[in-house]
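**Q** Shown below is the structure under consideration.
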Amino acid sequence: MLSKPFYFFICFLFLFTVPNSILVKAATSNVDLIQQNWPFNGIFGRFDKASLQRGFKVYSEVCSACHGLRHISYRDLEGIGYSKDEIKVIAGEYEITDGPNDEGEMFLRDAKMSDKFVGPYENDKIARLANNGAYPPDLSLIVKARAGGADYIYSLLNGYKDFPENFEVSEGMYYNEFYPGNQIAMPPQIEDDIVEFDDGTIATHNQIARDITSFLAWTAEPELESRKSLGVKTLFFLVLITIMLLGVKRKVWKNLD
Amino acid sequence: MKEKETENKKGISNWIDERLPVFTFINHNLRDYPTPKNLNYFWNFGSLAGITLVIMIITGILLAMQYTANTEMAFDSVERIMRDVNNGWLLRYIHMNGASMFFIIVYIHMFRGLYYGSYKYPREILWMLGVVILLLMMATAFMGYVLPWGQMSFWGATVITNLFSAFPVIGDYIVTFLWGGFSVDNPTLTRFFVLHYLLPFAIVGVVALHLVALHQFGSNNPTGIDVKSDGDTIPFHPYYTVKDYLGLGVYLIVFAFLVFFAPNFLGHPDNYIPANPLQTPAHIVPEWYFLPFYAILRAVPDKLLGVLLMFAAVMVLFFLPWLDKHKVRSANFRPFYKQFYWLFFINCIVLGWVGAMPAEGIYVLISRIATLYYFGFFLIIMPFLSKFEKTTDLPSSISAAVISEKFDNKEPSSAESYVK
C-alpha cells in the first residue's frame, strides 16, 4: 500500500512546506526558546484545568491592567472549570457601558456572562498614552500569533536580563533576550508571590509564567480539547476503513490474474 | 396494452433514462468506461483533486454563511466562527488546510502529467484546460487568503496587487482598478470575497470540460502507449473505483492529521494579528504554494521583468505540447528526459525554498540559477530532446508491459517471449 506515489506525496508535503517553518523560526530571535513539556501538546493533549484557573487569576490581577482579551466572553470560563454561579460573580466585578435606555441615556451596568471581557482601555489611543507610546496587544490570540507559540510566551516572560554592555537603549525600554530586537516596552511583571493562588500552589516566578502561558494557550485555542479528541476518533475510523479498503482492493484486483 | 406492459417492466430508472440518459451516462463514464489496466497510484490524484474541490466548496459555502466581508468586522467574524459557531473551527481548519492539500494534489497531478507525457497528442486541450484550472485556483487561493484580514492577508494583498504597477503607463490605473480605491481597503475586501465565492464555480465548469476532454481518448498510462486492444483495458468499476477509494482513505488520513493536530503548521502566525496598514511585518511571505513563483519574481532586479517572468512561468505550461514534440510519451523510455525531469523537480523544490528566504546574499544567486533552469528546461532542453533523444525499446502493448513488469526481477530477458 505504501507505494511510490504515497512517499512522493509525503515528501512533497514536507519538502515544499518546511521552508515556511524555517523562515518563521528565522524571523524570531536567534536564541533558542525554552522548551516546555506542555500537557496540551501531542495528539492526546489536554489542558490542566487547575493551571488554567491559576493562570486566569494571574491574568486578572496582573496582565489585565494593560492587556485585553476581547475575543473571550465570561461564559467561556465554563471551559476552564468554573460554575455558572462563580462566573456570574467574576463578571459582576466589571462594569460596562450599555444603552441607550428608554430615556436615551447611556448607563453603566455590571457585566453579564454573555459579555466579552472588559478591556483595560477605552481605545488604542488611550492605551498608547498610558504606556509610553507602546500598545499592549490583546492577548486572546497571542499564543497563535507568535512563532514558537506557548514556548515563546513562556520564554519571553523568563527572558528579562540586564542590558549587556555597549547595547544602545531607548528611553523606558527593557532588555529581553527572546524579544525580536531585544528591546521590549513591557517591564518585567512577574515576581515570586505577586499573586496568591487559591489552591495553595506556591507562586514561584516559573510557576506563574507557566500558568499564565497555559491560560493564554487556552484563550487562543479553546477548541483544542474537542479538536484533538475528535481527531483521534476520526483518525481511528479512517485508518480502520482504509485497511478494509486495502483488503477489498486486493480482492477485487485478484480477479484480473 | 402490450406497450404499457413493456414500459412497466422497464421500471422507473429506464423511464427516466429514456428521456434523460443520466444512467446511460453514468454507466458509460463511471462503470464500463474502459481504462488502461496498468495505471499506478499517481493516477489517483485526478479524482483526489475533484474530491478536494467539492470539500472546499461545501466548507466554503458554510463559512460564507458566518463570515462578514468588512474591514472592521472580518477578523472578528473569523474568530467568532472559530469560537462560537458550532464546529466552526472544524469547518475553517478544513477549508484552510484544504487549500494547501488542493495544491499538493494538483502539483503532483501535474508532475505526473509531465513525467508520463500526458499533455501530448491527442490530449493537448486536456492539458491546457488543466492549466486554466491551475490559474483559477491560484487566483481563488490568493483572494481567499485575504479574507481573514490578518497582517499577512493585508500585506500579501498589497504586495501582489502592487505588482501590476510595474506595467508602464497603465500600471497605476490597473492597481487602482483592482483595489477599487487608492489602497487595499474595504472595496478590495468585498470584491475579493465575491470573486473568491464565484471562481470556484468557474473551476467546476472547467473541470467538467477537463473530464469531457479526458473521456474523449481515455487516460494516458505509465507506458505512454496507446490502448491497442480490449485486452489492454479494464472497466473503471469496480477496479478503479475501489483503487480510488483506497487512495482517498490514505489521503484523508494525512488531511485529517493536519486539520486536527497541526492546523496552523502551514499558515503564518502573523495572520492571527489583525491587519494594520501602518505596521509592515518583518517578512512578507506568500502561502507555500506560491513560493516557487515568488522566487522567480524576486530573482530579477527589474520589477517589470520579474512580474512578466512570474506570469510566464505559468503561461509556458500552455505551450508544453508544442515544446516537447517527442513521439514517445513516457519518461520511462526516455533516459535523458528522465534525468532532466528529476532535476526540474528538485529545481522546483529549490525555488520554493529560496522563495521563503530573504532576497539577499547567496539566495539571490540560487534563485537566479533555479529560474534559469526552470525556463531552460521548457524552452531549450525539451525542444532539443524532442529532436535528438533516442529512446529505449518500447513494449509492444500495454498488456506486454504489464506481463514483463511482473517477471522483470526474475528473468528480464524473457519478457518478450510472453508477448504474443
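In the C-alpha cells, the first chain shown is A, the next is B, and so on; residue numbers restart at 1 for each chain, and ligands run from 1 in the order shown.
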I'd like the contact shell of Gly79 (chain A) - 9 Å cut-off, only C-alpha atoms, skipping same-chain residues fewer than 4 positions apart - returned as a list in words.
**A**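 These residues fall inside the cut-off: Lys49, Arg75 and Pro222 of chain A.
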**Q** With a distance cut-off of 9 Å and only C-alpha atoms, select the neighbouring residues of Met186 (chain A), excluding the residue or stretch itself and same-chain residues fewer than 5 positions from it, and output the selection as a list in words.
**A**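 Using only C-alpha atoms, the neighbours found are Asn131, Ala134, Pro136, Met173 and Tyr174 of chain A.
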**Q** List the neighbours of Asn221 (chain B) out to 12 Å using only C-alpha atoms; skip same-chain residues closer than 6 positions along the sequence, and give me the result as a PyMOL selection string.
**A** chain B and resi 35-43+112-113+115-119+227+232-233+329-332+397-399+401-402
**Q** Convert the current residue selection to file output with N, CA and C atoms, as a PDB file, in the first residue's frame.
**A**
ATOM      1  N   THR B  35     -10.543   1.507 -19.141  1.00  0.00           N
ATOM      2  CA  THR B  35      -9.394   2.240 -18.610  1.00  0.00           C
ATOM      3  C   THR B  35      -8.166   1.347 -18.736  1.00  0.00           C
ATOM      4  N   PRO B  36      -7.019   1.922 -19.110  1.00  0.00           N
ATOM      5  CA  PRO B  36      -5.803   1.093 -19.201  1.00  0.00           C
ATOM      6  C   PRO B  36      -5.593   0.320 -17.904  1.00  0.00           C
ATOM      7  N   LYS B  37      -5.161  -0.928 -18.016  1.00  0.00           N
ATOM      8  CA  LYS B  37      -5.119  -1.742 -16.807  1.00  0.00           C
ATOM      9  C   LYS B  37      -3.866  -1.529 -15.966  1.00  0.00           C
ATOM     10  N   ASN B  38      -2.936  -0.726 -16.494  1.00  0.00           N
ATOM     11  CA  ASN B  38      -1.653  -0.595 -15.794  1.00  0.00           C
ATOM     12  C   ASN B  38      -1.480   0.732 -15.051  1.00  0.00           C
ATOM     13  N   LEU B  39      -2.560   1.470 -14.802  1.00  0.00           N
ATOM     14  CA  LEU B  39      -2.416   2.761 -14.113  1.00  0.00           C
ATOM     15  C   LEU B  39      -1.859   2.551 -12.709  1.00  0.00           C
ATOM     16  N   ASN B  40      -0.870   3.358 -12.339  1.00  0.00           N
ATOM     17  CA  ASN B  40      -0.355   3.260 -10.968  1.00  0.00           C
ATOM     18  C   ASN B  40      -1.042   4.296 -10.077  1.00  0.00           C
ATOM     19  N   TYR B  41      -0.575   4.392  -8.822  1.00  0.00           N
ATOM     20  CA  TYR B  41      -1.286   5.256  -7.872  1.00  0.00           C
ATOM     21  C   TYR B  41      -1.172   6.740  -8.205  1.00  0.00           C
ATOM     22  N   PHE B  42      -0.242   7.106  -9.102  1.00  0.00           N
ATOM     23  CA  PHE B  42      -0.199   8.516  -9.497  1.00  0.00           C
ATOM     24  C   PHE B  42      -1.480   8.935 -10.216  1.00  0.00           C
ATOM     25  N   TRP B  43      -2.214   7.935 -10.740  1.00  0.00           N
ATOM     26  CA  TRP B  43      -3.458   8.263 -11.440  1.00  0.00           C
ATOM     27  C   TRP B  43      -4.621   8.471 -10.466  1.00  0.00           C
ATOM     28  N   ARG B 112       2.981  14.396 -12.557  1.00  0.00           N
ATOM     29  CA  ARG B 112       2.701  13.093 -13.160  1.00  0.00           C
ATOM     30  C   ARG B 112       2.494  13.257 -14.666  1.00  0.00           C
ATOM     31  N   GLY B 113       1.690  14.251 -15.052  1.00  0.00           N
ATOM     32  CA  GLY B 113       1.460  14.503 -16.467  1.00  0.00           C
ATOM     33  C   GLY B 113       2.752  14.820 -17.199  1.00  0.00           C
ATOM     34  N   TYR B 115       5.755  13.812 -16.346  1.00  0.00           N
ATOM     35  CA  TYR B 115       6.628  12.636 -16.411  1.00  0.00           C
ATOM     36  C   TYR B 115       6.172  11.663 -17.502  1.00  0.00           C
ATOM     37  N   TYR B 116       4.867  11.425 -17.547  1.00  0.00           N
ATOM     38  CA  TYR B 116       4.355  10.409 -18.465  1.00  0.00           C
ATOM     39  C   TYR B 116       3.897  10.998 -19.795  1.00  0.00           C
ATOM     40  N   GLY B 117       4.187  12.272 -20.016  1.00  0.00           N
ATOM     41  CA  GLY B 117       3.854  12.894 -21.300  1.00  0.00           C
ATOM     42  C   GLY B 117       2.364  12.945 -21.587  1.00  0.00           C
ATOM     43  N   SER B 118       1.574  13.158 -20.548  1.00  0.00           N
ATOM     44  CA  SER B 118       0.118  13.126 -20.720  1.00  0.00           C
ATOM     45  C   SER B 118      -0.416  14.314 -21.511  1.00  0.00           C
ATOM     46  N   TYR B 119       0.442  15.311 -21.766  1.00  0.00           N
ATOM     47  CA  TYR B 119      -0.009  16.513 -22.475  1.00  0.00           C
ATOM     48  C   TYR B 119       0.115  16.366 -23.983  1.00  0.00           C
ATOM     49  N   VAL B 227      -3.847   2.518 -26.145  1.00  0.00           N
ATOM     50  CA  VAL B 227      -4.595   1.275 -25.991  1.00  0.00           C
ATOM     51  C   VAL B 227      -4.776   0.658 -27.373  1.00  0.00           C
ATOM     52  N   ASP B 232      -6.109  -4.593 -23.295  1.00  0.00           N
ATOM     53  CA  ASP B 232      -5.300  -3.584 -22.608  1.00  0.00           C
ATOM     54  C   ASP B 232      -6.091  -2.828 -21.541  1.00  0.00           C
ATOM     55  N   THR B 233      -7.410  -2.935 -21.588  1.00  0.00           N
ATOM     56  CA  THR B 233      -8.216  -2.130 -20.664  1.00  0.00           C
ATOM     57  C   THR B 233      -9.034  -2.992 -19.720  1.00  0.00           C
ATOM     58  N   ARG B 329       5.812   9.141 -25.209  1.00  0.00           N
ATOM     59  CA  ARG B 329       5.236   9.929 -24.120  1.00  0.00           C
ATOM     60  C   ARG B 329       5.978   9.719 -22.801  1.00  0.00           C
ATOM     61  N   SER B 330       6.069   8.471 -22.369  1.00  0.00           N
ATOM     62  CA  SER B 330       6.528   8.199 -21.002  1.00  0.00           C
ATOM     63  C   SER B 330       8.025   8.395 -20.828  1.00  0.00           C
ATOM     64  N   ALA B 331       8.397   9.072 -19.732  1.00  0.00           N
ATOM     65  CA  ALA B 331       9.816   9.287 -19.432  1.00  0.00           C
ATOM     66  C   ALA B 331      10.525   7.970 -19.128  1.00  0.00           C
ATOM     67  N   ASN B 332       9.761   6.913 -18.850  1.00  0.00           N
ATOM     68  CA  ASN B 332      10.381   5.617 -18.570  1.00  0.00           C
ATOM     69  C   ASN B 332      11.230   5.134 -19.737  1.00  0.00           C
ATOM     70  N   SER B 397       2.807  -3.609 -26.354  1.00  0.00           N
ATOM     71  CA  SER B 397       1.469  -3.166 -25.955  1.00  0.00           C
ATOM     72  C   SER B 397       1.426  -3.013 -24.437  1.00  0.00           C
ATOM     73  N   ILE B 398       0.309  -2.452 -23.944  1.00  0.00           N
ATOM     74  CA  ILE B 398       0.156  -2.287 -22.500  1.00  0.00           C
ATOM     75  C   ILE B 398       0.190  -3.647 -21.810  1.00  0.00           C
ATOM     76  N   SER B 399      -0.496  -4.638 -22.400  1.00  0.00           N
ATOM     77  CA  SER B 399      -0.519  -5.978 -21.798  1.00  0.00           C
ATOM     78  C   SER B 399       0.886  -6.556 -21.721  1.00  0.00           C
ATOM     79  N   ALA B 401       3.627  -4.933 -21.492  1.00  0.00           N
ATOM     80  CA  ALA B 401       4.371  -4.218 -20.458  1.00  0.00           C
ATOM     81  C   ALA B 401       4.010  -4.734 -19.077  1.00  0.00           C
ATOM     82  N   VAL B 402       2.708  -5.001 -18.859  1.00  0.00           N
ATOM     83  CA  VAL B 402       2.259  -5.498 -17.564  1.00  0.00           C
ATOM     84  C   VAL B 402       2.900  -6.842 -17.269  1.00  0.00           C
TER      85      VAL B 402
END
**Q** Quick one: residues within 9 Å of Leu394 (chain B), only C-alpha atoms counted, chain neighbours fewer than 5 positions away excluded, as a ChimeraX atom specification?
**A** /B:223,225,328,333,401
**Q** Take the residues from that selection and write them out as an mmCIF file, in the first residue's frame, keeping C-alpha atoms.
**A**
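Final output, part-v8.cif:
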data_model
loop_
_atom_site.group_PDB
_atom_site.id
_atom_site.type_symbol
_atom_site.label_atom_id
_atom_site.label_comp_id
_atom_site.auth_asym_id
_atom_site.auth_seq_id
_atom_site.Cartn_x
_atom_site.Cartn_y
_atom_site.Cartn_z
ATOM 1 C CA THR B 223 3.944 3.191 -20.640
ATOM 2 C CA ILE B 225 1.493 3.592 -25.321
ATOM 3 C CA VAL B 328 7.346 8.785 -27.067
ATOM 4 C CA PHE B 333 11.633 5.129 -22.122
ATOM 5 C CA ALA B 401 4.371 -4.218 -20.458
#
**Q** Counting only C-alpha atoms, what is within 9 Å of Asn206 (chain A), bar same-chain residues fewer than 4 positions away, as a PyMOL selection string?
**A** chain A and resi 154+157-158+190-192+210-211
**Q** Quick one: of B:Trp179, B:Tyr93, B:Phe384, B:Tyr272, who's nearest to Asp76 (chain B), counting only C-alpha atoms?
**A**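 Smallest distance to Asp76 (chain B) is found for B:Tyr272.
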**Q** Please check the contacts: residues of chain B at most 7 Å away from chain A, using only C-alpha atoms, listed as an MDAnalysis selection string.
**A** chainID B and resid 41:42 104 239 242:243 246 249:250 253 256 260:261 266 269:273 288 349 352:353 356:357
**Q** I need the residues from that last selection saved to file as an mmCIF file, in the first residue's frame (with N, CA and C atoms), if you can.
**A**
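Contents of again-v1.cif, as written:
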data_model
loop_
_atom_site.group_PDB
_atom_site.id
_atom_site.type_symbol
_atom_site.label_atom_id
_atom_site.label_comp_id
_atom_site.auth_asym_id
_atom_site.auth_seq_id
_atom_site.Cartn_x
_atom_site.Cartn_y
_atom_site.Cartn_z
ATOM 1 N N TYR B 41 -0.575 4.392 -8.822
ATOM 2 C CA TYR B 41 -1.286 5.256 -7.872
ATOM 3 C C TYR B 41 -1.172 6.740 -8.205
ATOM 4 N N PHE B 42 -0.242 7.106 -9.102
ATOM 5 C CA PHE B 42 -0.199 8.516 -9.497
ATOM 6 C C PHE B 42 -1.480 8.935 -10.216
ATOM 7 N N ILE B 104 -1.146 20.639 -3.188
ATOM 8 C CA ILE B 104 -0.249 19.474 -3.194
ATOM 9 C C ILE B 104 -0.740 18.461 -4.221
ATOM 10 N N TYR B 239 -12.717 -1.811 -10.703
ATOM 11 C CA TYR B 239 -11.267 -1.795 -10.465
ATOM 12 C C TYR B 239 -10.738 -0.433 -10.019
ATOM 13 N N VAL B 242 -12.529 1.181 -6.701
ATOM 14 C CA VAL B 242 -12.008 0.714 -5.416
ATOM 15 C C VAL B 242 -10.597 1.241 -5.179
ATOM 16 N N LYS B 243 -9.832 1.350 -6.268
ATOM 17 C CA LYS B 243 -8.472 1.877 -6.124
ATOM 18 C C LYS B 243 -8.524 3.358 -5.722
ATOM 19 N N LEU B 246 -9.394 3.593 -2.052
ATOM 20 C CA LEU B 246 -8.234 3.308 -1.203
ATOM 21 C C LEU B 246 -7.309 4.523 -1.125
ATOM 22 N N GLY B 249 -8.761 7.083 1.082
ATOM 23 C CA GLY B 249 -8.564 6.769 2.501
ATOM 24 C C GLY B 249 -7.215 7.262 3.003
ATOM 25 N N VAL B 250 -6.161 6.958 2.240
ATOM 26 C CA VAL B 250 -4.812 7.377 2.643
ATOM 27 C C VAL B 250 -4.731 8.904 2.666
ATOM 28 N N ILE B 253 -6.392 10.460 5.659
ATOM 29 C CA ILE B 253 -5.625 10.295 6.900
ATOM 30 C C ILE B 253 -4.637 11.450 7.052
ATOM 31 N N ALA B 256 -6.632 14.726 7.563
ATOM 32 C CA ALA B 256 -7.207 14.815 8.909
ATOM 33 C C ALA B 256 -6.127 15.073 9.947
ATOM 34 N N PHE B 260 -6.561 18.237 12.432
ATOM 35 C CA PHE B 260 -6.832 18.042 13.852
ATOM 36 C C PHE B 260 -5.603 18.276 14.743
ATOM 37 N N PHE B 261 -4.410 18.008 14.209
ATOM 38 C CA PHE B 261 -3.244 18.052 15.095
ATOM 39 C C PHE B 261 -2.210 19.120 14.738
ATOM 40 N N LEU B 266 0.935 25.015 8.373
ATOM 41 C CA LEU B 266 1.233 25.580 7.059
ATOM 42 C C LEU B 266 0.931 27.065 6.970
ATOM 43 N N PRO B 269 2.004 32.710 11.562
ATOM 44 C CA PRO B 269 1.435 33.237 12.811
ATOM 45 C C PRO B 269 0.950 34.687 12.698
ATOM 46 N N ASP B 270 1.618 35.473 11.846
ATOM 47 C CA ASP B 270 1.222 36.881 11.725
ATOM 48 C C ASP B 270 -0.225 37.064 11.294
ATOM 49 N N ASN B 271 -0.806 36.019 10.689
ATOM 50 C CA ASN B 271 -2.178 36.206 10.231
ATOM 51 C C ASN B 271 -3.191 36.100 11.366
ATOM 52 N N TYR B 272 -2.717 35.847 12.577
ATOM 53 C CA TYR B 272 -3.600 35.954 13.741
ATOM 54 C C TYR B 272 -3.481 37.318 14.404
ATOM 55 N N ILE B 273 -2.740 38.228 13.752
ATOM 56 C CA ILE B 273 -2.721 39.630 14.185
ATOM 57 C C ILE B 273 -3.613 40.405 13.223
ATOM 58 N N TRP B 288 2.795 28.822 1.011
ATOM 59 C CA TRP B 288 3.886 27.989 0.486
ATOM 60 C C TRP B 288 3.697 27.639 -0.977
ATOM 61 N N ILE B 349 11.579 22.483 -6.069
ATOM 62 C CA ILE B 349 11.670 22.490 -4.612
ATOM 63 C C ILE B 349 12.617 23.597 -4.155
ATOM 64 N N GLY B 352 11.011 26.889 -4.341
ATOM 65 C CA GLY B 352 10.110 27.072 -3.211
ATOM 66 C C GLY B 352 10.866 27.473 -1.957
ATOM 67 N N TRP B 353 12.034 26.879 -1.797
ATOM 68 C CA TRP B 353 12.840 27.143 -0.609
ATOM 69 C C TRP B 353 13.418 28.557 -0.625
ATOM 70 N N ALA B 356 11.099 31.355 0.230
ATOM 71 C CA ALA B 356 10.808 31.622 1.640
ATOM 72 C C ALA B 356 11.949 32.355 2.331
ATOM 73 N N MET B 357 13.092 32.428 1.667
ATOM 74 C CA MET B 357 14.262 33.077 2.270
ATOM 75 C C MET B 357 14.283 34.560 1.921
#
**Q** What is the distance, in Å and to one decimal place, between CA of Ser100 (chain B) and CA of Gly267 (chain B)?
**A**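 These atoms are spaced 9.4 Å apart.
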**Q** Name the residues of region 3-222 of chain A that come out as strand (DSSP E or B) in a backbone DSSP run; write them as a list in words.
**A** Ser73, Glu95, Ile96, Thr97, Asp98, Phe107, Leu108, Arg109, Asp110, Lys116, Tyr160, Lys161, Tyr174, Tyr175, Asn176, Gln183 and Ile184 of chain A
**Q** If we count only C-alpha atoms, what is near region 292-306 of chain B at a cut-off of 9 Å, once residues fewer than 5 positions away on the same chain are taken out, given as number ranges by chain?
**A** B: 163-168, 285-286, 311, 313-314, 348-357, 359, 363-371
**Q** Keeping only C-alpha atoms, write the selected residues as a PDB file, in the first residue's frame.
**A**
ATOM      1  CA  LEU B 163       2.946  44.091  -8.920  1.00  0.00           C
ATOM      2  CA  PHE B 164       0.638  45.378 -11.623  1.00  0.00           C
ATOM      3  CA  SER B 165       2.013  48.884 -11.122  1.00  0.00           C
ATOM      4  CA  ALA B 166       5.162  47.642 -12.885  1.00  0.00           C
ATOM      5  CA  PHE B 167       3.414  47.880 -16.244  1.00  0.00           C
ATOM      6  CA  PRO B 168       4.285  51.171 -17.928  1.00  0.00           C
ATOM      7  CA  VAL B 285       5.753  35.762   2.549  1.00  0.00           C
ATOM      8  CA  PRO B 286       3.009  34.256   0.422  1.00  0.00           C
ATOM      9  CA  PHE B 311       3.408  35.107 -15.273  1.00  0.00           C
ATOM     10  CA  ALA B 313       6.342  30.636 -15.528  1.00  0.00           C
ATOM     11  CA  VAL B 314       2.697  29.549 -15.596  1.00  0.00           C
ATOM     12  CA  CYS B 348      11.066  23.479  -8.230  1.00  0.00           C
ATOM     13  CA  ILE B 349      11.670  22.490  -4.612  1.00  0.00           C
ATOM     14  CA  VAL B 350      14.746  24.749  -4.533  1.00  0.00           C
ATOM     15  CA  LEU B 351      12.676  27.618  -5.950  1.00  0.00           C
ATOM     16  CA  GLY B 352      10.110  27.072  -3.211  1.00  0.00           C
ATOM     17  CA  TRP B 353      12.840  27.143  -0.609  1.00  0.00           C
ATOM     18  CA  VAL B 354      14.570  30.339  -1.791  1.00  0.00           C
ATOM     19  CA  GLY B 355      11.114  31.907  -2.130  1.00  0.00           C
ATOM     20  CA  ALA B 356      10.808  31.622   1.640  1.00  0.00           C
ATOM     21  CA  MET B 357      14.262  33.077   2.270  1.00  0.00           C
ATOM     22  CA  ALA B 359      16.114  38.108  -1.041  1.00  0.00           C
ATOM     23  CA  TYR B 363      19.803  33.281  -2.051  1.00  0.00           C
ATOM     24  CA  VAL B 364      19.612  35.745  -4.934  1.00  0.00           C
ATOM     25  CA  LEU B 365      22.222  33.769  -6.881  1.00  0.00           C
ATOM     26  CA  ILE B 366      20.491  30.455  -6.163  1.00  0.00           C
ATOM     27  CA  SER B 367      17.120  31.841  -7.229  1.00  0.00           C
ATOM     28  CA  ARG B 368      18.638  33.123 -10.485  1.00  0.00           C
ATOM     29  CA  ILE B 369      20.220  29.790 -11.365  1.00  0.00           C
ATOM     30  CA  ALA B 370      16.995  27.981 -10.495  1.00  0.00           C
ATOM     31  CA  THR B 371      14.920  30.412 -12.575  1.00  0.00           C
TER      32      THR B 371
END
**Q** May I have the residues within 10 Å of Val89 (chain A) as a VMD selection string, using only C-alpha atoms and disregarding those fewer than 3 positions away in the same chain?
**A** chain A and resid 84 to 86 92 to 94 111 to 113
**Q** Measuring atom to atom with only C-alpha atoms, identify which of B:Thr391, B:Ser229, B:Asn27, B:Asn276 is nearest to Val184 (chain B).
**A** B:Asn276
